[in-house]
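Notes follow once the structure below has been shown.
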2 protein chains.
Amino acid sequence: MSKGLKRLKKILHNEGLRFTSQREAVWNEIISSDDHREADEIYMAIRQKGVSVSRATVYRTIDVLLKNNFVRKLDVGVGPSKFEHKIDSHHHDHIICIHCGRIEEFMVDQIENLQDKVAEEYGFKLVRHIHQLFGLCENCQ
Amino acid sequence: MSKGLKRLKKILHNEGLRFTSQREAVWNEIISSDDHREADEIYMAIRQKGVSVSRATVYRTIDVLLKNNFVRKLDVGVGPSKFEHKIDSHHHDHIICIHCGRIEEFMVDQIENLQDKVAEEYGFKLVRHIHQLFGLCENCQ
DNA sequence: AACTTCTTTGAGACTCAATCTCAATAAGGA
DNA sequence: TCCTTATTGAGATTGAGTCTCAAAGAAGTT
């Protein structure tokens with residue numbers, strides 16, 4: 001059994017959930033790509049491969065993965081949310097082209113530290129953050 | 001005529017739009033509060049005051065104000081977007097309690113500068129950004 | 001003021017991502 | 001294998017936001 005599958009089983013076990021072929025298919029599809037994809041793209045990709053699954057199950061499985069921090073949800077401000085797996089991937093934020101939709105990832109330690117400081121100042125216990133830069137990429141200016 | 005009303009007329013003129021009582025009412029309602037309110041709250045507040053306006057017009061007017069940078073849209077991750085006016089208000093980002101919904105504003109020059117640097121690195125011309133910290137406020141921990 | 005043109009409004013239909021329903025199915029422990 | 005309980009899926013539903021289009025109204029022109 002692959003390392004990834006073991007992780008999925010562990011997550012499901014921790015949540016008291018059952019291991020099903022649908023959940024396995026969603027998991028496999030999500031970890032198979034480093035793209036930022038919407039739920040429907042993931043759903044279609046699974047069906048393309050001949051596995052039977054419903055949209056509802058895709059959304060439900062993504063919710064479980066989100067809750068367990070194996071998937072990151074990305075609201076790009078227009079249209080449906082996008083998702084990316086977090087396996088072997090360190091934290092990063094996004095810079096998004098408002099014209100062509102291109103998404104690049106960035107990570108600046110100093111910003112992360114300043115965020116922590118802000119949270120502390122306001123007495124907040126930080127859980128997550130959204131940091132997205134919107135603009136025009138070099139091809140769209 | 002108030003300074004605010006003059007501004008509204010200027011915006012409308014610049015966009016080639018007409019000055020109407022509905023647009024005036026939406027504008028007045030928005031600048032009358034420093035809260036972060038959703039479109040429907042603004043709509044209800046206007047009607048409460050006896051002014052007749054439709055939801056569609058509230059959304060349409062907010063769009064005009066957004067486009068002209070007199071209103072900031074705030075997606076808090078759950079439920080409808082919230083709006084706040086930007087009159088006499090400098091730029092800021094938000095730290096949001098995921099339990100009670102409390103919203104505080106913060107602004108760190110250093111973060112803003114680092115963002116500009118990131119955009120430059122990636123060849124992006126920055127248009128706007130979203131920076132939201134989610135966590136538990138002191139009362140909800 | 002009256003006329004004309006063209007924008008705006010509003011009630012309600014519509015969109016669409018996401019969630020919910022509930023009967024049928026399947027996981028997994030005994 | 002049986003039994004209990006979670007899961008699935010087709011389709012209904014939700015809800016924020018947008019669109020439609022006939023009627024109302026703004027603002028320029030005479």
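If you're wondering about the labels, chains in the structure tokens are A, B, ... by order shown, residues count from 1 in each chain, ligands from 1 in order shown.
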
Give me, as a list in words, the residues of region 8-91 of chain B that a backbone DSSP run labels strand (DSSP E or B).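 Going through region 8-91 of chain B, the strand (DSSP E or B) residues come out as Arg37, Glu38, Val71, Arg72, Lys73, Leu74, Lys82, Phe83, Glu84 and His85 of chain B.
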
Under the rule of at most 7 Å, produce a per-residue listing of chain A near chain B: chain, number, name, the closest pair of atoms, and the distance in Å, as CSV, using only C-alpha atoms.
```
residue,atom,partner,partner_atom,distance
A:Ile111,CA,B:Ile111,CA,5.9
A:Gly123,CA,B:Glu138,CA,5.3
A:Phe124,CA,B:Cys137,CA,4.3
A:Lys125,CA,B:Leu136,CA,5.1
A:Leu126,CA,B:Gly135,CA,4.2
A:Val127,CA,B:Gly135,CA,4.5
A:Arg128,CA,B:Phe134,CA,5.2
A:His129,CA,B:Leu133,CA,4.4
A:Ile130,CA,B:Gln132,CA,5.1
A:His131,CA,B:His131,CA,4.3
A:Gln132,CA,B:Ile130,CA,5.1
A:Leu133,CA,B:His129,CA,4.4
A:Phe134,CA,B:Arg128,CA,5.2
A:Gly135,CA,B:Leu126,CA,4.2
A:Leu136,CA,B:Lys125,CA,5.1
A:Cys137,CA,B:Phe124,CA,4.3
A:Glu138,CA,B:Gly123,CA,5.3
```

Return chain B as a compact mmCIF listing (two decimals) with N, CA and C atoms, in the first residue's frame, after superposing it on chain A by a least-squares fit that covers all C-alpha atoms paired in order.
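selection.txt, written as the output of this step:
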```txt
# COMPACT_ATOMS: atom_id res chain seq x y z
N MET B 1 0.87 -1.28 -0.08
CA MET B 1 0.02 -0.07 -0.10
C MET B 1 0.89 1.19 -0.12
N SER B 2 0.52 2.15 -0.95
CA SER B 2 1.33 3.37 -1.05
C SER B 2 1.27 4.16 0.25
N LYS B 3 2.27 4.97 0.41
CA LYS B 3 2.37 5.84 1.58
C LYS B 3 1.14 6.76 1.67
N GLY B 4 0.71 7.23 0.48
CA GLY B 4 -0.44 8.14 0.43
C GLY B 4 -1.70 7.47 0.94
N LEU B 5 -1.90 6.23 0.48
CA LEU B 5 -3.11 5.51 0.86
C LEU B 5 -3.14 5.26 2.36
N LYS B 6 -1.98 4.99 2.90
CA LYS B 6 -1.89 4.78 4.34
C LYS B 6 -2.35 6.03 5.09
N ARG B 7 -1.91 7.17 4.55
CA ARG B 7 -2.30 8.44 5.18
C ARG B 7 -3.81 8.64 5.15
N LEU B 8 -4.40 8.32 3.99
CA LEU B 8 -5.85 8.47 3.87
C LEU B 8 -6.56 7.60 4.90
N LYS B 9 -6.10 6.37 5.02
CA LYS B 9 -6.73 5.45 5.97
C LYS B 9 -6.58 5.96 7.41
N LYS B 10 -5.44 6.56 7.65
CA LYS B 10 -5.19 7.10 8.99
C LYS B 10 -6.16 8.25 9.29
N ILE B 11 -6.31 9.15 8.29
CA ILE B 11 -7.23 10.28 8.47
C ILE B 11 -8.63 9.76 8.75
N LEU B 12 -9.07 8.82 7.92
CA LEU B 12 -10.44 8.31 8.06
C LEU B 12 -10.61 7.64 9.42
N HIS B 13 -9.61 6.88 9.81
CA HIS B 13 -9.67 6.21 11.11
C HIS B 13 -9.79 7.22 12.24
N ASN B 14 -8.95 8.27 12.16
CA ASN B 14 -8.97 9.30 13.20
C ASN B 14 -10.35 9.95 13.33
N GLU B 15 -11.03 10.07 12.20
CA GLU B 15 -12.34 10.73 12.19
C GLU B 15 -13.47 9.74 12.43
N GLY B 16 -13.12 8.47 12.57
CA GLY B 16 -14.15 7.46 12.74
C GLY B 16 -14.95 7.23 11.47
N LEU B 17 -14.27 7.41 10.34
CA LEU B 17 -14.95 7.25 9.05
C LEU B 17 -14.48 5.99 8.36
N ARG B 18 -15.28 5.52 7.40
CA ARG B 18 -14.94 4.28 6.71
C ARG B 18 -14.13 4.53 5.45
N PHE B 19 -13.34 3.55 5.14
CA PHE B 19 -12.55 3.61 3.90
C PHE B 19 -13.42 3.09 2.77
N THR B 20 -13.65 3.94 1.76
CA THR B 20 -14.49 3.51 0.63
C THR B 20 -13.76 3.78 -0.68
N SER B 21 -14.24 3.12 -1.73
CA SER B 21 -13.59 3.27 -3.03
C SER B 21 -13.75 4.70 -3.54
N GLN B 22 -14.85 5.35 -3.21
CA GLN B 22 -15.06 6.73 -3.65
C GLN B 22 -14.06 7.66 -2.98
N ARG B 23 -13.89 7.49 -1.69
CA ARG B 23 -12.94 8.35 -0.98
C ARG B 23 -11.52 8.12 -1.48
N GLU B 24 -11.24 6.87 -1.78
CA GLU B 24 -9.92 6.56 -2.32
C GLU B 24 -9.72 7.24 -3.68
N ALA B 25 -10.77 7.20 -4.51
CA ALA B 25 -10.67 7.80 -5.84
C ALA B 25 -10.47 9.31 -5.75
N VAL B 26 -11.19 9.97 -4.86
CA VAL B 26 -11.05 11.42 -4.70
C VAL B 26 -9.64 11.74 -4.23
N TRP B 27 -9.21 11.00 -3.24
CA TRP B 27 -7.85 11.19 -2.72
C TRP B 27 -6.80 11.03 -3.82
N ASN B 28 -6.89 9.93 -4.58
CA ASN B 28 -5.92 9.68 -5.65
C ASN B 28 -5.92 10.81 -6.68
N GLU B 29 -7.12 11.25 -7.02
CA GLU B 29 -7.22 12.29 -8.03
C GLU B 29 -6.57 13.58 -7.54
N ILE B 30 -6.80 13.90 -6.27
CA ILE B 30 -6.28 15.16 -5.74
C ILE B 30 -4.77 15.13 -5.63
N ILE B 31 -4.21 14.01 -5.17
CA ILE B 31 -2.76 13.98 -5.02
C ILE B 31 -2.04 13.77 -6.34
N SER B 32 -2.79 13.44 -7.40
CA SER B 32 -2.15 13.14 -8.70
C SER B 32 -1.73 14.40 -9.45
N SER B 33 -2.15 15.56 -8.97
CA SER B 33 -1.84 16.79 -9.70
C SER B 33 -1.46 17.91 -8.74
N ASP B 34 -0.53 18.74 -9.18
CA ASP B 34 -0.13 19.87 -8.35
C ASP B 34 -0.88 21.15 -8.74
N ASP B 35 -1.85 21.00 -9.64
CA ASP B 35 -2.62 22.17 -10.07
C ASP B 35 -3.56 22.67 -9.00
N HIS B 36 -4.14 23.83 -9.27
CA HIS B 36 -5.21 24.37 -8.45
C HIS B 36 -6.50 24.09 -9.21
N ARG B 37 -7.25 23.10 -8.77
CA ARG B 37 -8.43 22.70 -9.53
C ARG B 37 -9.73 22.88 -8.75
N GLU B 38 -10.81 23.11 -9.47
CA GLU B 38 -12.09 23.24 -8.79
C GLU B 38 -12.73 21.87 -8.61
N ALA B 39 -13.67 21.81 -7.68
CA ALA B 39 -14.29 20.53 -7.31
C ALA B 39 -14.83 19.82 -8.54
N ASP B 40 -15.42 20.57 -9.43
CA ASP B 40 -16.03 19.94 -10.59
C ASP B 40 -14.99 19.34 -11.54
N GLU B 41 -13.83 19.96 -11.61
CA GLU B 41 -12.76 19.40 -12.44
C GLU B 41 -12.29 18.08 -11.86
N ILE B 42 -12.19 18.03 -10.55
CA ILE B 42 -11.79 16.80 -9.88
C ILE B 42 -12.84 15.72 -10.11
N TYR B 43 -14.08 16.11 -9.97
CA TYR B 43 -15.21 15.19 -10.21
C TYR B 43 -15.16 14.62 -11.63
N MET B 44 -14.98 15.50 -12.62
CA MET B 44 -14.95 15.06 -14.02
C MET B 44 -13.74 14.15 -14.29
N ALA B 45 -12.61 14.49 -13.69
CA ALA B 45 -11.41 13.70 -13.92
C ALA B 45 -11.58 12.28 -13.40
N ILE B 46 -12.25 12.15 -12.26
CA ILE B 46 -12.47 10.82 -11.69
C ILE B 46 -13.38 10.00 -12.61
N ARG B 47 -14.45 10.63 -13.07
CA ARG B 47 -15.39 9.93 -13.95
C ARG B 47 -14.73 9.54 -15.26
N GLN B 48 -13.89 10.44 -15.75
CA GLN B 48 -13.13 10.17 -16.98
C GLN B 48 -12.38 8.86 -16.88
N LYS B 49 -11.91 8.60 -15.67
CA LYS B 49 -11.14 7.38 -15.46
C LYS B 49 -12.03 6.18 -15.20
N GLY B 50 -13.33 6.38 -15.35
CA GLY B 50 -14.25 5.27 -15.25
C GLY B 50 -14.70 4.92 -13.85
N VAL B 51 -14.30 5.75 -12.87
CA VAL B 51 -14.73 5.48 -11.50
C VAL B 51 -16.04 6.22 -11.24
N SER B 52 -16.98 5.53 -10.68
CA SER B 52 -18.29 6.13 -10.42
C SER B 52 -18.28 6.85 -9.07
N VAL B 53 -18.60 8.12 -9.11
CA VAL B 53 -18.63 8.93 -7.90
C VAL B 53 -19.58 10.09 -8.16
N SER B 54 -20.15 10.63 -7.11
CA SER B 54 -21.07 11.75 -7.28
C SER B 54 -20.41 13.05 -6.83
N ARG B 55 -20.96 14.15 -7.34
CA ARG B 55 -20.47 15.47 -6.93
C ARG B 55 -20.52 15.61 -5.41
N ALA B 56 -21.63 15.17 -4.82
CA ALA B 56 -21.81 15.29 -3.37
C ALA B 56 -20.65 14.62 -2.63
N THR B 57 -20.29 13.44 -3.09
CA THR B 57 -19.21 12.71 -2.43
C THR B 57 -17.86 13.41 -2.62
N VAL B 58 -17.65 14.00 -3.80
CA VAL B 58 -16.42 14.75 -4.00
C VAL B 58 -16.35 15.89 -2.99
N TYR B 59 -17.41 16.66 -2.87
CA TYR B 59 -17.41 17.77 -1.91
C TYR B 59 -17.24 17.26 -0.49
N ARG B 60 -17.93 16.19 -0.15
CA ARG B 60 -17.84 15.67 1.20
C ARG B 60 -16.43 15.18 1.52
N THR B 61 -15.80 14.53 0.55
CA THR B 61 -14.45 14.02 0.79
C THR B 61 -13.46 15.18 0.90
N ILE B 62 -13.62 16.18 0.05
CA ILE B 62 -12.73 17.34 0.13
C ILE B 62 -12.86 17.98 1.52
N ASP B 63 -14.07 18.03 2.04
CA ASP B 63 -14.27 18.60 3.38
C ASP B 63 -13.47 17.86 4.43
N VAL B 64 -13.48 16.54 4.33
CA VAL B 64 -12.71 15.73 5.29
C VAL B 64 -11.22 16.04 5.16
N LEU B 65 -10.75 16.12 3.92
CA LEU B 65 -9.33 16.38 3.68
C LEU B 65 -8.95 17.80 4.12
N LEU B 66 -9.86 18.74 3.92
CA LEU B 66 -9.64 20.12 4.37
C LEU B 66 -9.48 20.15 5.88
N LYS B 67 -10.43 19.51 6.53
CA LYS B 67 -10.46 19.50 7.99
C LYS B 67 -9.18 18.91 8.55
N ASN B 68 -8.60 17.96 7.81
CA ASN B 68 -7.39 17.30 8.28
C ASN B 68 -6.12 17.87 7.68
N ASN B 69 -6.33 19.01 7.02
CA ASN B 69 -5.16 19.77 6.61
C ASN B 69 -4.33 19.10 5.51
N PHE B 70 -4.98 18.29 4.69
CA PHE B 70 -4.27 17.67 3.58
C PHE B 70 -4.60 18.34 2.25
N VAL B 71 -5.50 19.31 2.33
CA VAL B 71 -5.90 20.04 1.14
C VAL B 71 -6.04 21.50 1.53
N ARG B 72 -5.72 22.37 0.60
CA ARG B 72 -5.87 23.80 0.82
C ARG B 72 -6.97 24.30 -0.12
N LYS B 73 -7.86 25.13 0.43
CA LYS B 73 -8.95 25.72 -0.36
C LYS B 73 -8.54 27.11 -0.78
N LEU B 74 -8.82 27.45 -2.02
CA LEU B 74 -8.36 28.71 -2.57
C LEU B 74 -9.52 29.44 -3.22
N ASP B 75 -9.95 30.54 -2.60
CA ASP B 75 -11.02 31.34 -3.17
C ASP B 75 -10.40 32.42 -4.04
N VAL B 76 -10.56 32.29 -5.35
CA VAL B 76 -9.90 33.22 -6.26
C VAL B 76 -10.76 34.44 -6.58
N GLY B 77 -11.83 34.63 -5.84
CA GLY B 77 -12.60 35.86 -5.97
C GLY B 77 -13.68 35.81 -7.02
N VAL B 78 -13.55 34.91 -7.96
CA VAL B 78 -14.57 34.80 -9.02
C VAL B 78 -14.72 33.32 -9.36
N GLY B 79 -15.94 32.88 -9.47
CA GLY B 79 -16.18 31.47 -9.78
C GLY B 79 -15.95 30.58 -8.57
N PRO B 80 -15.96 29.29 -8.81
CA PRO B 80 -15.85 28.32 -7.72
C PRO B 80 -14.47 28.30 -7.06
N SER B 81 -14.42 27.78 -5.85
CA SER B 81 -13.15 27.64 -5.14
C SER B 81 -12.26 26.63 -5.83
N LYS B 82 -10.98 26.77 -5.62
CA LYS B 82 -10.03 25.80 -6.15
C LYS B 82 -9.35 25.08 -5.00
N PHE B 83 -8.86 23.88 -5.31
CA PHE B 83 -8.23 23.06 -4.27
C PHE B 83 -6.87 22.55 -4.73
N GLU B 84 -5.96 22.42 -3.79
CA GLU B 84 -4.66 21.82 -4.08
C GLU B 84 -4.27 20.95 -2.88
N HIS B 85 -3.56 19.86 -3.15
CA HIS B 85 -3.14 19.00 -2.04
C HIS B 85 -1.93 19.64 -1.35
N LYS B 86 -1.67 19.21 -0.13
CA LYS B 86 -0.56 19.77 0.63
C LYS B 86 0.51 18.73 0.94
N ILE B 87 0.48 17.63 0.19
CA ILE B 87 1.48 16.58 0.39
C ILE B 87 2.84 17.07 -0.10
N ASP B 88 3.85 16.89 0.70
CA ASP B 88 5.21 17.31 0.33
C ASP B 88 5.25 18.76 -0.12
N SER B 89 4.37 19.57 0.43
CA SER B 89 4.31 20.97 0.00
C SER B 89 4.28 21.84 1.24
N HIS B 90 5.19 22.77 1.32
CA HIS B 90 5.21 23.66 2.48
C HIS B 90 4.18 24.77 2.26
N HIS B 91 3.92 25.50 3.32
CA HIS B 91 2.94 26.58 3.25
C HIS B 91 3.33 27.63 2.22
N HIS B 92 2.33 28.15 1.53
CA HIS B 92 2.57 29.25 0.61
C HIS B 92 1.29 30.03 0.40
N ASP B 93 1.41 31.25 -0.11
CA ASP B 93 0.24 32.03 -0.49
C ASP B 93 0.25 32.19 -2.00
N HIS B 94 -0.70 32.97 -2.53
CA HIS B 94 -0.87 33.00 -3.98
C HIS B 94 -0.91 34.39 -4.57
N ILE B 95 -0.36 34.51 -5.76
CA ILE B 95 -0.47 35.73 -6.54
C ILE B 95 -1.17 35.34 -7.84
N ILE B 96 -2.26 36.04 -8.12
CA ILE B 96 -3.21 35.59 -9.14
C ILE B 96 -3.38 36.66 -10.21
N CYS B 97 -3.31 36.27 -11.47
CA CYS B 97 -3.53 37.22 -12.56
C CYS B 97 -5.03 37.39 -12.79
N ILE B 98 -5.51 38.63 -12.70
CA ILE B 98 -6.95 38.86 -12.83
C ILE B 98 -7.39 38.81 -14.28
N HIS B 99 -6.44 38.71 -15.19
CA HIS B 99 -6.81 38.65 -16.61
C HIS B 99 -6.82 37.22 -17.13
N CYS B 100 -5.74 36.48 -16.90
CA CYS B 100 -5.66 35.14 -17.48
C CYS B 100 -5.85 34.02 -16.46
N GLY B 101 -5.94 34.38 -15.17
CA GLY B 101 -6.20 33.35 -14.16
C GLY B 101 -4.96 32.61 -13.68
N ARG B 102 -3.83 32.93 -14.24
CA ARG B 102 -2.57 32.29 -13.82
C ARG B 102 -2.38 32.44 -12.31
N ILE B 103 -1.92 31.39 -11.69
CA ILE B 103 -1.70 31.41 -10.24
C ILE B 103 -0.27 31.01 -9.93
N GLU B 104 0.44 31.87 -9.21
CA GLU B 104 1.79 31.52 -8.76
C GLU B 104 1.79 31.46 -7.24
N GLU B 105 2.75 30.75 -6.70
CA GLU B 105 2.83 30.58 -5.25
C GLU B 105 4.00 31.38 -4.70
N PHE B 106 3.80 31.97 -3.53
CA PHE B 106 4.92 32.66 -2.90
C PHE B 106 4.90 32.41 -1.40
N MET B 107 6.04 32.68 -0.80
CA MET B 107 6.18 32.42 0.63
C MET B 107 7.29 33.32 1.16
N VAL B 108 6.95 34.17 2.11
CA VAL B 108 7.94 35.08 2.68
C VAL B 108 7.88 34.93 4.20
N ASP B 109 8.91 34.38 4.77
CA ASP B 109 8.93 34.15 6.21
C ASP B 109 8.60 35.41 7.00
N GLN B 110 9.16 36.52 6.53
CA GLN B 110 8.98 37.77 7.25
C GLN B 110 7.51 38.15 7.35
N ILE B 111 6.75 37.92 6.25
CA ILE B 111 5.32 38.22 6.28
C ILE B 111 4.62 37.32 7.29
N GLU B 112 4.99 36.04 7.28
CA GLU B 112 4.38 35.09 8.21
C GLU B 112 4.60 35.53 9.66
N ASN B 113 5.83 35.96 9.94
CA ASN B 113 6.16 36.40 11.30
C ASN B 113 5.37 37.64 11.69
N LEU B 114 5.25 38.57 10.75
CA LEU B 114 4.51 39.80 11.03
C LEU B 114 3.04 39.51 11.30
N GLN B 115 2.50 38.52 10.59
CA GLN B 115 1.12 38.11 10.82
C GLN B 115 0.95 37.62 12.25
N ASP B 116 1.88 36.78 12.69
CA ASP B 116 1.81 36.26 14.05
C ASP B 116 1.81 37.40 15.05
N LYS B 117 2.63 38.40 14.76
CA LYS B 117 2.73 39.55 15.66
C LYS B 117 1.41 40.33 15.71
N VAL B 118 0.79 40.49 14.55
CA VAL B 118 -0.50 41.19 14.49
C VAL B 118 -1.54 40.45 15.34
N ALA B 119 -1.61 39.13 15.14
CA ALA B 119 -2.58 38.33 15.88
C ALA B 119 -2.37 38.48 17.38
N GLU B 120 -1.10 38.45 17.78
CA GLU B 120 -0.77 38.58 19.20
C GLU B 120 -1.22 39.94 19.73
N GLU B 121 -0.94 40.99 18.98
CA GLU B 121 -1.34 42.35 19.36
C GLU B 121 -2.84 42.44 19.63
N TYR B 122 -3.63 41.78 18.79
CA TYR B 122 -5.07 41.88 18.91
C TYR B 122 -5.67 40.83 19.83
N GLY B 123 -4.80 40.01 20.43
CA GLY B 123 -5.28 38.98 21.35
C GLY B 123 -5.95 37.81 20.66
N PHE B 124 -5.65 37.61 19.38
CA PHE B 124 -6.25 36.50 18.63
C PHE B 124 -5.33 35.29 18.64
N LYS B 125 -5.92 34.11 18.71
CA LYS B 125 -5.19 32.87 18.49
C LYS B 125 -5.40 32.51 17.03
N LEU B 126 -4.35 32.59 16.24
CA LEU B 126 -4.44 32.43 14.80
C LEU B 126 -4.71 30.98 14.40
N VAL B 127 -5.66 30.80 13.49
CA VAL B 127 -5.99 29.46 13.02
C VAL B 127 -5.56 29.29 11.56
N ARG B 128 -5.85 30.29 10.74
CA ARG B 128 -5.44 30.22 9.34
C ARG B 128 -5.43 31.62 8.79
N HIS B 129 -4.97 31.75 7.56
CA HIS B 129 -5.02 33.07 6.94
C HIS B 129 -5.17 32.94 5.43
N ILE B 130 -5.64 34.01 4.85
CA ILE B 130 -5.72 34.12 3.40
C ILE B 130 -4.87 35.31 3.01
N HIS B 131 -3.95 35.09 2.11
CA HIS B 131 -3.15 36.21 1.62
C HIS B 131 -3.02 36.04 0.12
N GLN B 132 -3.73 36.85 -0.62
CA GLN B 132 -3.73 36.72 -2.07
C GLN B 132 -3.46 38.07 -2.72
N LEU B 133 -2.52 38.06 -3.63
CA LEU B 133 -2.20 39.28 -4.38
C LEU B 133 -2.84 39.14 -5.76
N PHE B 134 -3.61 40.15 -6.16
CA PHE B 134 -4.26 40.13 -7.46
C PHE B 134 -3.64 41.21 -8.34
N GLY B 135 -3.36 40.85 -9.58
CA GLY B 135 -2.78 41.84 -10.48
C GLY B 135 -2.69 41.28 -11.88
N LEU B 136 -1.86 41.90 -12.68
CA LEU B 136 -1.67 41.46 -14.06
C LEU B 136 -0.29 40.85 -14.20
N CYS B 137 -0.22 39.64 -14.70
CA CYS B 137 1.07 39.00 -14.90
C CYS B 137 1.77 39.62 -16.12
N GLU B 138 3.02 39.29 -16.27
CA GLU B 138 3.82 39.93 -17.32
C GLU B 138 3.20 39.80 -18.72
N ASN B 139 2.49 38.69 -18.95
CA ASN B 139 1.90 38.47 -20.28
C ASN B 139 0.62 39.27 -20.50
N CYS B 140 0.05 39.80 -19.43
CA CYS B 140 -1.27 40.43 -19.54
C CYS B 140 -1.24 41.93 -19.32
N GLN B 141 -0.05 42.49 -19.16
CA GLN B 141 0.01 43.93 -18.86
C GLN B 141 -0.15 44.77 -20.12
```

Could you give me, as a VMD selection string, the residues within 12 Å of DA23 (chain C), counting only C-alpha atoms (C1' of nucleotides) and dropping anything in the same chain fewer than 5 positions from it? chain D and resid 8 to 10

Considering only helix (DSSP H, G or I) as DSSP defines it on the backbone, what residues of region 36-140 of chain A qualify? List them as a ChimeraX atom specification. /A:39-48,55-67,109-121

Residues of chain C within 10 Å of chain B, using only C-alpha atoms (C1' of nucleotides), as a list in words?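 On the chain C side, the interface is DT7, DT8, DT9, DG10 and DA11 of chain C.
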
Counting only C-alpha atoms (C1' of nucleotides), what are the residues of chain D within 12 Å of chain B, and for each of them which pair of atoms is the nearest and at what distance in Å, to one decimal? Sort the table by chain and rising number, as CSV.
```
residue,atom,partner,partner_atom,distance
D:DG15,C1',B:Gly79,CA,9.0
D:DA16,C1',B:Pro80,CA,6.2
D:DG17,C1',B:Tyr59,CA,8.1
D:DT18,C1',B:Ala56,CA,8.2
D:DC19,C1',B:Ala56,CA,9.5
D:DT20,C1',B:Ala56,CA,11.8
D:DA24,C1',B:Thr20,CA,11.9
D:DG25,C1',B:Thr20,CA,8.8
D:DA26,C1',B:Arg18,CA,6.5
D:DA27,C1',B:Arg18,CA,8.4
```

Atomic distance C1' of DA18 (chain C) - C1' of DT13 (chain D), expressed in Å with one decimal: 10.4 Å

Interatomic distance between C1' of DT21 (chain C) and C1' of DC3 (chain D)? 24.6 Å
